[in-house]
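S.K.: This is the content of data14.cif (mmCIF, C-alpha atoms):
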data_target
loop_
_atom_site.label_atom_id
_atom_site.label_comp_id
_atom_site.auth_asym_id
_atom_site.auth_seq_id
_atom_site.Cartn_x
_atom_site.Cartn_y
_atom_site.Cartn_z
CA MET A 19 -95.60 -182.98 -30.19
CA THR A 20 -94.83 -182.78 -26.50
CA THR A 21 -95.64 -179.69 -24.50
CA ARG A 22 -93.79 -180.81 -21.37
CA SER A 23 -91.53 -178.27 -19.68
CA LEU A 24 -88.01 -179.34 -18.70
CA GLY A 25 -89.11 -179.71 -15.09
CA GLU A 26 -91.97 -181.96 -16.17
CA TRP A 27 -89.63 -184.04 -18.32
CA LEU A 28 -87.21 -184.54 -15.44
CA ALA A 29 -90.01 -185.54 -13.06
CA TYR A 30 -91.23 -188.01 -15.72
CA LEU A 31 -87.74 -189.48 -16.17
CA GLU A 32 -87.36 -190.04 -12.43
CA GLN A 33 -90.30 -192.44 -12.35
CA LEU A 34 -89.75 -194.08 -15.74
CA HIS A 35 -87.64 -197.04 -14.59
CA PRO A 36 -88.10 -199.24 -11.50
CA SER A 37 -84.63 -198.44 -10.14
CA ALA A 38 -82.45 -195.33 -10.31
CA ILE A 39 -79.37 -197.39 -11.24
CA ASP A 40 -79.61 -200.43 -13.52
CA MET A 41 -76.21 -201.25 -14.97
CA GLY A 42 -76.01 -202.56 -18.53
CA LEU A 43 -75.89 -201.29 -22.11
CA GLU A 44 -78.53 -203.43 -23.82
CA ARG A 45 -81.51 -201.14 -23.33
CA SER A 46 -79.59 -197.97 -24.24
CA ARG A 47 -78.00 -199.60 -27.29
CA GLU A 48 -81.39 -200.73 -28.58
CA VAL A 49 -82.86 -197.24 -28.32
CA ALA A 50 -79.73 -195.62 -29.76
CA GLN A 51 -80.06 -197.83 -32.82
CA ARG A 52 -83.70 -196.84 -33.24
CA LEU A 53 -82.66 -193.19 -32.99
CA GLY A 54 -80.02 -193.76 -35.67
CA LEU A 55 -77.30 -192.46 -33.37
CA GLY A 56 -73.74 -192.89 -34.55
CA LYS A 57 -70.53 -191.25 -33.41
CA PRO A 58 -71.36 -187.89 -31.78
CA ALA A 59 -68.17 -186.20 -33.10
CA PRO A 60 -65.02 -187.11 -35.05
CA LEU A 61 -63.05 -187.20 -31.76
CA VAL A 62 -64.48 -188.89 -28.66
CA ILE A 63 -62.64 -188.67 -25.33
CA THR A 64 -64.17 -190.67 -22.48
CA VAL A 65 -63.14 -190.01 -18.88
CA THR A 66 -63.70 -192.25 -15.88
CA GLY A 67 -62.14 -192.49 -12.41
CA THR A 68 -63.04 -192.46 -8.74
CA ASN A 69 -62.22 -188.76 -8.45
CA GLY A 70 -61.13 -185.99 -10.77
CA LYS A 71 -63.39 -186.71 -13.73
CA GLY A 72 -65.07 -183.31 -13.77
CA SER A 73 -61.90 -181.22 -13.66
CA THR A 74 -60.15 -183.47 -16.20
CA CYS A 75 -63.07 -183.02 -18.60
CA ALA A 76 -63.00 -179.27 -18.02
CA PHE A 77 -59.26 -179.05 -18.69
CA LEU A 78 -59.64 -181.09 -21.88
CA ALA A 79 -62.48 -178.94 -23.18
CA SER A 80 -60.55 -175.76 -22.40
CA LEU A 81 -57.41 -177.02 -24.19
CA LEU A 82 -59.38 -178.10 -27.27
CA ARG A 83 -61.39 -174.90 -27.42
CA SER A 84 -58.18 -172.86 -27.19
CA GLN A 85 -57.39 -174.28 -30.65
CA GLY A 86 -60.74 -173.21 -32.06
CA ARG A 87 -62.30 -176.66 -31.80
CA LYS A 88 -66.05 -176.91 -31.24
CA VAL A 89 -66.47 -179.17 -28.21
CA GLY A 90 -69.38 -180.86 -26.49
CA VAL A 91 -69.10 -181.92 -22.84
CA TYR A 92 -71.41 -184.35 -21.05
CA SER A 93 -71.06 -184.55 -17.27
CA SER A 94 -72.99 -185.45 -14.13
CA PRO A 95 -74.40 -184.81 -11.66
CA HIS A 96 -75.56 -181.22 -11.89
CA LEU A 97 -75.57 -178.76 -9.01
CA LEU A 98 -78.39 -176.30 -9.71
CA ARG A 99 -79.66 -176.88 -13.28
CA TYR A 100 -79.91 -180.04 -15.35
CA ASN A 101 -78.63 -177.95 -18.28
CA GLU A 102 -75.16 -178.03 -16.67
CA ARG A 103 -74.84 -181.64 -17.86
CA VAL A 104 -74.81 -180.83 -21.58
CA VAL A 105 -72.48 -178.07 -22.75
CA ILE A 106 -71.93 -177.26 -26.42
CA ASP A 107 -69.10 -174.93 -27.38
CA GLY A 108 -68.95 -173.48 -23.87
CA ARG A 109 -72.72 -172.96 -23.57
CA GLU A 110 -75.18 -174.94 -21.50
CA VAL A 111 -77.97 -176.16 -23.79
CA ASP A 112 -81.28 -174.46 -23.11
CA ASP A 113 -84.53 -175.97 -21.85
CA ALA A 114 -86.12 -176.11 -25.30
CA GLU A 115 -83.18 -178.08 -26.75
CA LEU A 116 -83.30 -180.58 -23.90
CA CYS A 117 -87.05 -180.99 -24.21
CA GLN A 118 -86.70 -181.65 -27.93
CA ALA A 119 -84.01 -184.25 -27.27
CA PHE A 120 -86.02 -185.99 -24.55
CA ALA A 121 -89.02 -186.10 -26.87
CA ALA A 122 -86.91 -187.74 -29.59
CA VAL A 123 -85.61 -190.40 -27.18
CA GLU A 124 -89.09 -190.98 -25.77
CA ALA A 125 -90.50 -191.52 -29.25
CA ALA A 126 -87.77 -194.02 -30.08
CA ARG A 127 -87.75 -196.06 -26.89
CA GLY A 128 -91.19 -197.63 -27.36
CA GLU A 129 -91.65 -200.21 -24.61
CA THR A 130 -87.97 -200.18 -23.62
CA SER A 131 -87.56 -198.91 -20.07
CA LEU A 132 -84.64 -196.51 -19.49
CA THR A 133 -83.22 -195.00 -16.31
CA TYR A 134 -82.99 -191.25 -15.75
CA PHE A 135 -79.26 -191.34 -16.59
CA GLU A 136 -79.76 -193.46 -19.70
CA MET A 137 -82.43 -191.11 -21.05
CA GLY A 138 -80.18 -188.13 -20.34
CA THR A 139 -77.17 -189.72 -22.00
CA LEU A 140 -79.05 -190.58 -25.18
CA ALA A 141 -80.53 -187.06 -25.25
CA ALA A 142 -77.01 -185.60 -24.97
CA PHE A 143 -75.75 -187.80 -27.80
CA TRP A 144 -78.73 -186.75 -29.94
CA LEU A 145 -77.92 -183.07 -29.33
CA PHE A 146 -74.21 -183.55 -29.98
CA GLU A 147 -74.82 -185.23 -33.34
CA ARG A 148 -76.83 -182.22 -34.48
CA ALA A 149 -74.28 -179.65 -33.35
CA ALA A 150 -71.52 -180.36 -35.92
CA LEU A 151 -68.88 -180.75 -33.22
CA ASP A 152 -65.16 -181.38 -33.63
CA ALA A 153 -64.90 -183.32 -30.36
CA VAL A 154 -66.92 -184.56 -27.40
CA VAL A 155 -65.65 -185.11 -23.87
CA LEU A 156 -67.79 -187.66 -22.03
CA GLU A 157 -67.74 -188.12 -18.26
CA VAL A 158 -68.71 -191.60 -17.09
CA GLY A 159 -71.53 -191.56 -14.56
CA LEU A 160 -70.71 -194.77 -12.66
CA GLY A 161 -67.95 -197.27 -13.26
CA GLY A 162 -67.31 -197.46 -16.98
CA ARG A 163 -67.89 -200.86 -18.56
CA LEU A 164 -71.67 -200.84 -18.13
CA ASP A 165 -72.25 -197.06 -18.02
CA ALA A 166 -74.48 -195.62 -20.77
CA VAL A 167 -71.64 -193.30 -21.89
CA ASN A 168 -69.74 -196.44 -22.94
CA LEU A 169 -72.14 -196.96 -25.86
CA VAL A 170 -69.74 -194.78 -27.83
CA ASP A 171 -66.27 -196.02 -28.73
CA ALA A 172 -63.63 -193.74 -27.23
CA ASP A 173 -60.74 -192.55 -29.38
CA LEU A 174 -58.95 -191.70 -26.12
CA ALA A 175 -59.84 -193.39 -22.82
CA LEU A 176 -58.78 -191.59 -19.63
CA ILE A 177 -58.82 -193.11 -16.13
CA THR A 178 -58.10 -190.47 -13.51
CA SER A 179 -57.77 -192.49 -10.30
CA ILE A 180 -58.88 -195.80 -8.83
CA GLY A 181 -60.29 -195.84 -5.32
CA LEU A 182 -63.24 -197.30 -3.46
CA ASP A 183 -66.68 -195.78 -4.00
CA HIS A 184 -70.08 -197.14 -5.07
CA ALA A 185 -69.09 -200.56 -3.66
CA ASP A 186 -72.60 -201.96 -4.22
CA TRP A 187 -72.09 -201.56 -7.97
CA LEU A 188 -68.33 -201.70 -8.52
CA GLY A 189 -67.18 -204.06 -5.78
CA ASP A 190 -65.21 -203.42 -2.62
CA THR A 191 -61.67 -203.88 -3.93
CA ARG A 192 -59.49 -201.65 -6.13
CA GLU A 193 -59.15 -204.62 -8.46
CA SER A 194 -62.89 -204.87 -9.09
CA VAL A 195 -63.15 -201.09 -9.54
CA ALA A 196 -60.23 -201.13 -11.99
CA PHE A 197 -61.88 -203.86 -14.06
CA GLU A 198 -65.07 -201.80 -14.40
CA LYS A 199 -63.22 -198.61 -15.29
CA ALA A 200 -61.01 -200.40 -17.84
CA GLY A 201 -64.20 -201.17 -19.76
CA ILE A 202 -64.05 -197.78 -21.52
CA MET A 203 -60.83 -198.74 -23.34
CA ARG A 204 -60.94 -199.88 -26.96
CA ALA A 205 -58.65 -202.13 -29.00
CA GLY A 206 -55.67 -200.27 -30.42
CA LYS A 207 -56.83 -196.89 -29.07
CA PRO A 208 -54.73 -194.88 -26.59
CA ALA A 209 -55.53 -195.36 -22.91
CA LEU A 210 -54.23 -193.00 -20.22
CA CYS A 211 -54.12 -193.57 -16.48
CA GLY A 212 -53.47 -190.97 -13.79
CA ASP A 213 -53.27 -193.53 -10.97
CA LEU A 214 -49.69 -194.15 -9.90
CA ASP A 215 -50.44 -197.75 -8.94
CA PRO A 216 -53.08 -199.19 -11.30
CA PRO A 217 -54.39 -202.60 -10.21
CA GLN A 218 -53.56 -205.66 -12.30
CA PRO A 219 -56.98 -206.06 -13.98
CA LEU A 220 -56.51 -202.70 -15.71
CA LEU A 221 -53.04 -203.66 -16.95
CA GLU A 222 -54.37 -207.00 -18.17
CA GLN A 223 -57.09 -205.25 -20.15
CA VAL A 224 -54.51 -202.92 -21.72
CA ALA A 225 -52.50 -205.95 -22.86
CA LEU A 226 -55.59 -207.78 -24.12
CA LEU A 227 -56.66 -204.79 -26.23
CA ASP A 228 -53.12 -203.98 -27.38
CA ALA A 229 -53.88 -200.37 -26.44
CA PRO A 230 -51.10 -197.76 -26.44
CA PHE A 231 -50.85 -197.02 -22.72
CA PHE A 232 -49.69 -193.81 -21.05
CA LEU A 233 -49.17 -194.13 -17.32
CA ARG A 234 -48.48 -191.35 -14.85
CA GLY A 235 -45.05 -191.73 -13.27
CA ARG A 236 -43.73 -193.61 -16.28
CA ASP A 237 -44.82 -191.89 -19.50
CA TYR A 238 -45.88 -188.55 -18.09
CA ASP A 239 -45.82 -186.82 -14.72
CA LEU A 240 -45.79 -183.51 -12.90
CA SER A 241 -43.73 -181.99 -10.12
CA ILE A 242 -44.56 -179.06 -7.87
CA GLN A 243 -41.83 -176.65 -6.77
CA GLY A 244 -43.01 -173.90 -4.42
CA GLN A 245 -45.46 -171.73 -6.33
CA GLN A 246 -44.85 -173.38 -9.70
CA TRP A 247 -45.23 -176.77 -11.31
CA SER A 248 -43.73 -178.60 -14.28
CA TRP A 249 -44.95 -181.35 -16.61
CA TYR A 250 -43.42 -183.82 -18.98
CA GLY A 251 -45.04 -186.34 -21.31
CA LEU A 252 -44.97 -187.97 -24.72
CA ASP A 253 -46.40 -186.90 -28.05
CA ALA A 254 -48.03 -189.26 -30.56
CA HIS A 255 -44.58 -190.17 -31.95
CA GLY A 256 -43.08 -190.98 -28.56
CA GLN A 257 -41.06 -187.77 -28.37
CA VAL A 258 -40.71 -186.13 -24.95
CA LEU A 259 -42.54 -182.85 -24.39
CA GLN A 260 -41.96 -180.55 -21.42
CA LEU A 261 -43.62 -177.56 -19.80
CA GLU A 262 -41.71 -175.95 -16.97
CA GLN A 263 -42.43 -173.28 -14.34
CA LEU A 264 -46.18 -173.25 -14.86
CA PRO A 265 -48.32 -171.15 -12.51
CA LEU A 266 -50.15 -173.16 -9.84
CA LEU A 267 -53.82 -173.93 -10.49
CA ASP A 268 -56.76 -173.95 -8.09
CA LEU A 269 -58.00 -177.22 -9.59
CA PRO A 270 -56.03 -180.46 -9.13
CA MET A 271 -52.85 -180.30 -11.17
CA GLU A 272 -52.79 -184.11 -11.37
CA ASN A 273 -55.90 -183.84 -13.53
CA ALA A 274 -54.41 -181.01 -15.59
CA ALA A 275 -51.37 -183.24 -16.17
CA LEU A 276 -53.58 -186.09 -17.42
CA ALA A 277 -55.46 -183.71 -19.72
CA LEU A 278 -52.15 -182.38 -21.04
CA GLN A 279 -50.98 -185.92 -21.88
CA ALA A 280 -54.23 -186.50 -23.80
CA TYR A 281 -53.81 -183.20 -25.63
CA ALA A 282 -50.20 -184.10 -26.47
CA LEU A 283 -51.44 -187.17 -28.40
CA LEU A 284 -53.78 -185.18 -30.64
CA GLN A 285 -51.06 -183.51 -32.72
CA LEU A 286 -52.53 -180.05 -32.14
CA PRO A 287 -50.36 -176.91 -31.84
CA TRP A 288 -48.08 -177.03 -28.79
CA ASP A 289 -47.96 -173.37 -27.81
CA ARG A 290 -46.94 -172.76 -24.21
CA GLN A 291 -48.82 -169.46 -23.84
CA GLN A 292 -52.06 -170.86 -25.24
CA ILE A 293 -51.79 -173.95 -23.05
CA VAL A 294 -51.15 -171.93 -19.89
CA GLN A 295 -54.04 -169.59 -20.64
CA ALA A 296 -56.38 -172.53 -21.27
CA LEU A 297 -55.41 -174.20 -17.97
CA LEU A 298 -55.72 -171.01 -15.93
CA ALA A 299 -59.12 -170.27 -17.46
CA THR A 300 -60.53 -173.65 -16.44
CA ARG A 301 -63.14 -173.55 -13.69
CA VAL A 302 -65.28 -176.27 -12.13
CA THR A 303 -68.01 -175.16 -9.75
CA GLY A 304 -67.78 -176.89 -6.40
CA ARG A 305 -64.26 -178.30 -6.72
CA LEU A 306 -61.72 -176.38 -4.63
CA ASP A 307 -64.06 -173.50 -5.39
CA ARG A 308 -62.82 -170.51 -3.36
CA ARG A 309 -65.07 -167.46 -2.96
CA ALA A 310 -64.78 -164.19 -1.07
CA LEU A 311 -67.69 -163.70 1.31
CA ASP A 312 -68.80 -160.58 3.15
CA TRP A 313 -70.79 -161.60 6.22
CA ARG A 314 -72.17 -158.58 8.03
CA GLY A 315 -69.03 -156.59 7.43
CA LYS A 316 -66.61 -159.48 8.05
CA SER A 317 -64.39 -160.60 5.17
CA LEU A 318 -64.42 -164.40 5.07
CA THR A 319 -63.38 -167.04 2.55
CA LEU A 320 -65.86 -169.75 1.57
CA LEU A 321 -64.30 -172.89 0.07
CA LEU A 322 -66.74 -175.28 -1.62
CA ASP A 323 -65.81 -178.86 -2.44
CA VAL A 324 -68.02 -181.76 -3.49
CA GLY A 325 -65.53 -184.34 -2.15
CA HIS A 326 -67.43 -187.25 -0.62
CA ASN A 327 -65.08 -190.24 -0.45
CA PRO A 328 -61.74 -190.93 1.28
CA HIS A 329 -59.64 -190.34 -1.85
CA ALA A 330 -61.20 -186.90 -2.38
CA ALA A 331 -60.88 -186.07 1.33
CA ASP A 332 -57.17 -186.98 1.29
CA TYR A 333 -56.57 -184.72 -1.67
CA LEU A 334 -58.59 -181.89 -0.13
CA ALA A 335 -56.57 -182.19 3.10
CA GLN A 336 -53.29 -181.93 1.17
CA ARG A 337 -54.44 -178.78 -0.60
CA LEU A 338 -55.71 -177.22 2.64
CA GLU A 339 -52.41 -177.93 4.39
CA ALA A 340 -50.55 -176.22 1.55
CA ARG A 341 -52.73 -173.12 1.82
CA PRO A 342 -53.57 -172.30 5.45
CA PRO A 343 -56.06 -169.49 6.10
CA ALA A 344 -55.10 -166.15 7.65
CA GLY A 345 -57.23 -167.09 10.65
CA LYS A 346 -59.05 -170.29 11.59
CA ARG A 347 -60.78 -172.82 9.35
CA TRP A 348 -64.35 -173.91 10.16
CA ALA A 349 -66.18 -176.80 8.48
CA VAL A 350 -69.77 -177.20 7.32
CA PHE A 351 -70.40 -180.86 6.60
CA GLY A 352 -73.08 -183.24 5.38
CA LEU A 353 -72.82 -186.74 3.91
CA LEU A 354 -74.95 -189.36 2.21
CA ALA A 355 -75.71 -192.50 4.20
CA ASP A 356 -73.84 -194.83 1.83
CA LYS A 357 -70.52 -192.96 2.05
CA ASP A 358 -67.51 -193.86 4.21
CA LEU A 359 -67.86 -191.45 7.13
CA PRO A 360 -64.62 -192.37 8.98
CA GLY A 361 -62.65 -192.29 5.72
CA VAL A 362 -64.00 -188.88 4.69
CA VAL A 363 -63.56 -187.22 8.08
CA ALA A 364 -60.19 -188.56 9.25
CA PRO A 365 -57.89 -186.66 6.81
CA LEU A 366 -59.48 -183.32 7.69
CA LEU A 367 -59.68 -183.42 11.49
CA SER A 368 -56.37 -181.63 12.03
CA GLN A 369 -57.31 -178.90 9.52
CA VAL A 370 -60.54 -177.74 11.16
CA ALA A 371 -61.14 -175.74 14.35
CA GLY A 372 -64.81 -176.62 14.63
CA TRP A 373 -67.55 -178.44 12.73
CA ALA A 374 -71.19 -177.63 11.95
CA VAL A 375 -73.12 -180.65 10.69
CA ALA A 376 -76.57 -180.93 9.15
CA PRO A 377 -78.72 -183.36 7.17
CA LEU A 378 -78.80 -183.03 3.39
CA ALA A 379 -81.96 -182.26 1.43
CA THR A 380 -82.46 -185.88 0.35
CA PRO A 381 -83.83 -189.06 1.92
CA ARG A 382 -80.38 -190.57 1.29
CA SER A 383 -78.78 -188.27 3.88
CA ARG A 384 -76.93 -189.53 6.93
CA PRO A 385 -78.53 -188.05 10.09
CA ALA A 386 -76.73 -185.10 11.64
CA GLY A 387 -76.67 -186.91 14.97
CA GLU A 388 -74.54 -189.69 13.48
CA LEU A 389 -72.13 -187.17 11.97
CA ALA A 390 -71.85 -185.31 15.27
CA ALA A 391 -71.34 -188.46 17.35
CA HIS A 392 -68.58 -189.67 15.07
CA LEU A 393 -66.75 -186.34 15.09
CA GLN A 394 -67.13 -186.03 18.87
CA SER A 395 -65.52 -189.47 19.27
CA TYR A 396 -62.34 -187.81 17.98
CA GLY A 397 -62.74 -184.90 20.42
CA ALA A 398 -63.82 -182.48 17.69
CA ALA A 399 -65.96 -179.43 18.53
CA VAL A 400 -69.32 -179.97 16.78
CA THR A 401 -72.68 -178.23 16.52
CA GLN A 402 -75.79 -179.75 14.92
CA HIS A 403 -78.21 -177.80 12.73
CA ALA A 404 -81.55 -178.37 11.05
CA ASP A 405 -80.18 -177.85 7.53
CA LEU A 406 -77.08 -176.80 5.61
CA ARG A 407 -78.08 -173.15 5.43
CA ALA A 408 -78.43 -172.91 9.20
CA ALA A 409 -75.07 -174.64 9.65
CA LEU A 410 -73.38 -172.30 7.18
CA GLU A 411 -74.84 -169.17 8.73
CA ALA A 412 -73.85 -170.35 12.22
CA GLN A 413 -70.24 -170.77 11.11
CA CYS A 414 -70.28 -167.37 9.40
CA GLU A 415 -71.59 -165.85 12.61
CA GLN A 416 -68.86 -167.25 14.84
CA ALA A 417 -65.99 -166.81 12.37
CA ALA A 418 -63.66 -163.84 12.66
CA ALA A 419 -62.44 -161.69 9.77
CA GLY A 420 -59.85 -163.61 7.78
CA ASP A 421 -61.25 -167.03 8.71
CA GLU A 422 -62.10 -169.66 6.13
CA ILE A 423 -65.25 -171.78 5.99
CA LEU A 424 -64.89 -175.15 4.29
CA LEU A 425 -68.19 -176.60 3.07
CA PHE A 426 -67.86 -180.13 1.74
CA GLY A 427 -69.13 -183.71 1.74
CA SER A 428 -71.58 -183.93 -1.16
CA PHE A 429 -72.93 -182.38 -4.32
CA PHE A 430 -76.04 -181.71 -2.22
CA CYS A 431 -73.95 -179.58 0.19
CA VAL A 432 -72.49 -177.45 -2.57
CA ALA A 433 -75.83 -177.06 -4.35
CA GLU A 434 -77.42 -175.70 -1.17
CA ALA A 435 -74.49 -173.34 -0.63
CA LEU A 436 -74.70 -172.02 -4.22
CA ASP A 437 -78.41 -171.44 -3.76
CA TRP A 438 -77.64 -169.60 -0.48
CA LEU A 439 -74.98 -167.45 -2.17
CA ALA A 440 -77.47 -166.43 -4.84
CA ARG A 441 -79.94 -165.14 -2.23
CA PRO A 442 -80.87 -161.44 -2.37
CA ALA A 443 -78.49 -159.29 -0.30
#
Once you've parsed the file, please lay out its structure as structure tokens.
M.R.:
Amino acid sequence: MTTRSLGEWLAYLEQLHPSAIDMGLERSREVAQRLGLGKPAPLVITVTGTNGKGSTCAFLASLLRSQGRKVGVYSSPHLLRYNERVVIDGREVDDAELCQAFAAVEAARGETSLTYFEMGTLAAFWLFERAALDAVVLEVGLGGRLDAVNLVDADLALITSIGLDHADWLGDTRESVAFEKAGIMRAGKPALCGDLDPPQPLLEQVALLDAPFFLRGRDYDLSIQGQQWSWYGLDAHGQVLQLEQLPLLDLPMENAALALQAYALLQLPWDRQQIVQALLATRVTGRLDRRALDWRGKSLTLLLDVGHNPHAADYLAQRLEARPPAGKRWAVFGLLADKDLPGVVAPLLSQVAGWAVAPLATPRSRPAGELAAHLQSYGAAVTQHADLRAALEAQCEQAAAGDEILLFGSFFCVAEALDWLARPA
């Protein structure tokens, strides 16, 4: 019997496989069979996409739980605790449960080498099977077709958006990305797509699988009118459903609309009040995450967002434009070296009065000097700092009451900010 702590398990998993990412299902499938893993719940909803996976999963879980369903959610990456990745009935699993699951996978894998993500995925499936769940919502880690989550056949396959990210693994065209993401779809099972212009390879896969297909802009959509929004979609029998004059959400309403279309296919009660309450109650840490901040007597707003690719930056810019601060908006920014710096920065330049840049707490970080030089090439006001905390405190110091500080660019950025917020007063 293992006596490893969760921290020791995670350190062990990090060095278990020669590479952090090793696409393919063969190794995971072999170990899953040895573990005797089957379907983790009667209803499996798998979610992929370039952006919006986390909030879509959160909306789905909230809608299902509003009907008394017991739901498991698997997501990645985590911000502060690995436990965030595995949630059962609204509760993060505890260290002891994770350790038990890792021990079970370790015992079953024998000589089969697994990546950190593969070990974590199998551990989550092991925990879900033992929790007597009604449904699981699974967030794809990378791509779809060859992601470990895709070991399980989805009853509903959701694709949020299709943009360019992780080009080394998914290719550098929307067509190649679409092909990988379409891999979560199953023959005859409903597939939903929130992208208004899905590339041809996805449509070809839909036809090949004869999958009922629900496309935003055709079968369902949303519209925003002032401080309200409306939705329409189709139920499982092809009948039109509508929800009008809904209150605006902090999280992306495009993702709420996709989750609503999935919910509409499940033949669960369609009660406007319950649906609205479930949507309004949905929270995702680090995604358009607005917090009041008192900095030495000054009332500021801190807006945290993990957006780190051009698609996410475009969306963030739209939401910022729709909600200007009372005063000025200052940015705190860091980025990984493999991300598209010009594409992430360009949409936000007009929204920000001044930038504070810093390296992230990872060897994969882009140097602050590169960030500063690029921003300065646009004429932006920039200061460089030793780390994210120093950059954040510098912006708090210069901001006036009523100003907003936008911290974005990476999960690493938001994790450091959350740790900073939790510091003793």
S.K.: What is the atom CA of A:Val195-atom CA of A:Ser93 distance in Å, reported with one decimal?
M.R.: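 Answer for the atom CA of A:Val195 to atom CA of A:Ser93 separation: 19.9 Å.
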S.K.: Can you tell me which residues surround A:Gln85 at a distance of at most 10 Å, considering all atoms listed in the file, apart from same-chain residues fewer than 2 positions away, and format the answer as a tab-separated table (two decimals) with C-alpha atoms, in the coordinates of the input?
M.R.:
chain	number	residue	atom	x	y	z
A	80	SER	CA	-60.55	-175.76	-22.40
A	81	LEU	CA	-57.41	-177.02	-24.19
A	82	LEU	CA	-59.38	-178.10	-27.27
A	83	ARG	CA	-61.39	-174.90	-27.42
A	87	ARG	CA	-62.30	-176.66	-31.80
A	88	LYS	CA	-66.05	-176.91	-31.24
A	286	LEU	CA	-52.53	-180.05	-32.14
A	287	PRO	CA	-50.36	-176.91	-31.84
A	288	TRP	CA	-48.08	-177.03	-28.79
A	289	ASP	CA	-47.96	-173.37	-27.81
A	292	GLN	CA	-52.06	-170.86	-25.24
A	293	ILE	CA	-51.79	-173.95	-23.05
A	296	ALA	CA	-56.38	-172.53	-21.27
S.K.: For the contact check between stretch 168-229 of chain A and stretch 117-140 of chain A, emit one row per residue of stretch 168-229 of chain A within 12 Å, containing the shortest atom pair and the distance in Å rounded to one decimal, counting all atoms listed in the file, chain then rising number order, as a Markdown table.
M.R.:
| residue | atom | partner | partner_atom | distance |
| --- | --- | --- | --- | --- |
| A:Asn168 | CA | A:Thr139 | CA | 10.1 |
| A:Leu169 | CA | A:Leu140 | CA | 9.4 |
| A:Val170 | CA | A:Leu140 | CA | 10.6 |
S.K.: Once the PyMOL selection byres ((chain A and resi 375-379) around 7) has been evaluated on this model, what residues remain selected, and can you format them as number ranges by chain?
M.R.: A: 350-352, 373-374, 380, 383-386, 389-390, 401-406, 409, 430-431
S.K.: As a check of understanding, name the residues that the PyMOL selection byres ((chain A and resi 105-109) around 6) selects in the supplied structure, as a PyMOL selection string.
M.R.: chain A and resi 88-91+104+110-111
S.K.: Can you pull out the residues contacting A:Ile180? Cut-off 7 Å, using only C-alpha atoms, and skip same-chain residues under 4 positions away; I want them as a list in words.
M.R.: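 Near A:Ile180, the qualifying residues are Gly67, Thr68, Arg192, Val195, Ala196 and Asp213 of chain A.
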S.K.: Write out as a list of chain:residue names the residues lying within 10 Å of A:Leu359, counting all atoms listed in the file and excluding same-chain residues fewer than 2 positions away.
M.R.: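 Non-adjacent residues within range: A:His326, A:Asn327, A:Pro328, A:Gly352, A:Leu353, A:Leu354, A:Ala355, A:Asp356, A:Lys357, A:Gly361, A:Val362, A:Val363, A:Ala364, A:Arg384, A:Glu388, A:Leu389, A:His392, A:Leu393, A:Gly427.
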S.K.: Can you give me, as JSON, numbers by chain, the residues this file yields under the PyMOL selection byres ((chain A and resi 231-238) around 8)?
M.R.: {"A": [208, 209, 210, 211, 212, 213, 214, 224, 229, 230, 239, 240, 249, 250, 251, 252, 275, 276, 279]}
S.K.: Rounded to one decimal, what separation in Å do you get between atom CA of A:Leu334 and atom CA of A:Arg290?
M.R.: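 Separating atom CA of A:Leu334 from atom CA of A:Arg290 is a distance of 28.3 Å.
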S.K.: Suppose you want the space between atom CA of A:Ile423 and atom CA of A:Gln394; what is it in Å?
M.R.: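 Separating atom CA of A:Ile423 from atom CA of A:Gln394 is a distance of 19.3 Å.
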S.K.: Provide an axis-aligned box for all listed atoms of stretch 248-265 of chain A, padding each side by 6 Å; report its centre and its edge lengths in Å to one decimal, as AutoDock Vina command-line options.
M.R.:
--center_x -44.5 --center_y -181.1 --center_z -22.2 --size_x 19.6 --size_y 31.8 --size_z 31.4
S.K.: Pick from A:Gly162, A:Gly54, A:Gly72, A:Gly325: nearest to A:Arg301, with all atoms listed in the file counted?
M.R.: A:Gly72
S.K.: Could you check which of A:Trp348, A:Ala330, A:Trp313, A:Ala79 is closest to A:Val400, using all atoms listed in the file?
M.R.: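 Going through A:Trp348, A:Ala330, A:Trp313, A:Ala79 one by one, the smallest distance to A:Val400 is for A:Trp348.
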S.K.: Closest to A:Arg204 among A:Ala172, A:Leu221, A:Ile177, A:Leu98, using only C-alpha atoms?
M.R.: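 Closest candidate: A:Ala172.
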S.K.: Which polymer residues have any atom within 9 Å of an atom of A:Gly159, counting all atoms listed in the file, with same-chain residues fewer than 2 positions away left out, as an mmCIF file with C-alpha atoms, in the frame of the given file?
M.R.:
data_model
loop_
_atom_site.group_PDB
_atom_site.id
_atom_site.type_symbol
_atom_site.label_atom_id
_atom_site.label_comp_id
_atom_site.auth_asym_id
_atom_site.auth_seq_id
_atom_site.Cartn_x
_atom_site.Cartn_y
_atom_site.Cartn_z
ATOM 1 C CA THR A 66 -63.700 -192.250 -15.880
ATOM 2 C CA SER A 93 -71.060 -184.550 -17.270
ATOM 3 C CA SER A 94 -72.990 -185.450 -14.130
ATOM 4 C CA PRO A 95 -74.400 -184.810 -11.660
ATOM 5 C CA PHE A 135 -79.260 -191.340 -16.590
ATOM 6 C CA GLU A 157 -67.740 -188.120 -18.260
ATOM 7 C CA GLY A 161 -67.950 -197.270 -13.260
ATOM 8 C CA GLY A 162 -67.310 -197.460 -16.980
ATOM 9 C CA ASP A 165 -72.250 -197.060 -18.020
ATOM 10 C CA ALA A 166 -74.480 -195.620 -20.770
ATOM 11 C CA VAL A 167 -71.640 -193.300 -21.890
#
S.K.: Pick out the closest residue to A:Asn273 from this set: A:Ala76, A:Ala391, A:Gln218, A:Ala153. Count only C-alpha atoms.
M.R.: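 Closest to A:Asn273 of all the choices is A:Ala76.
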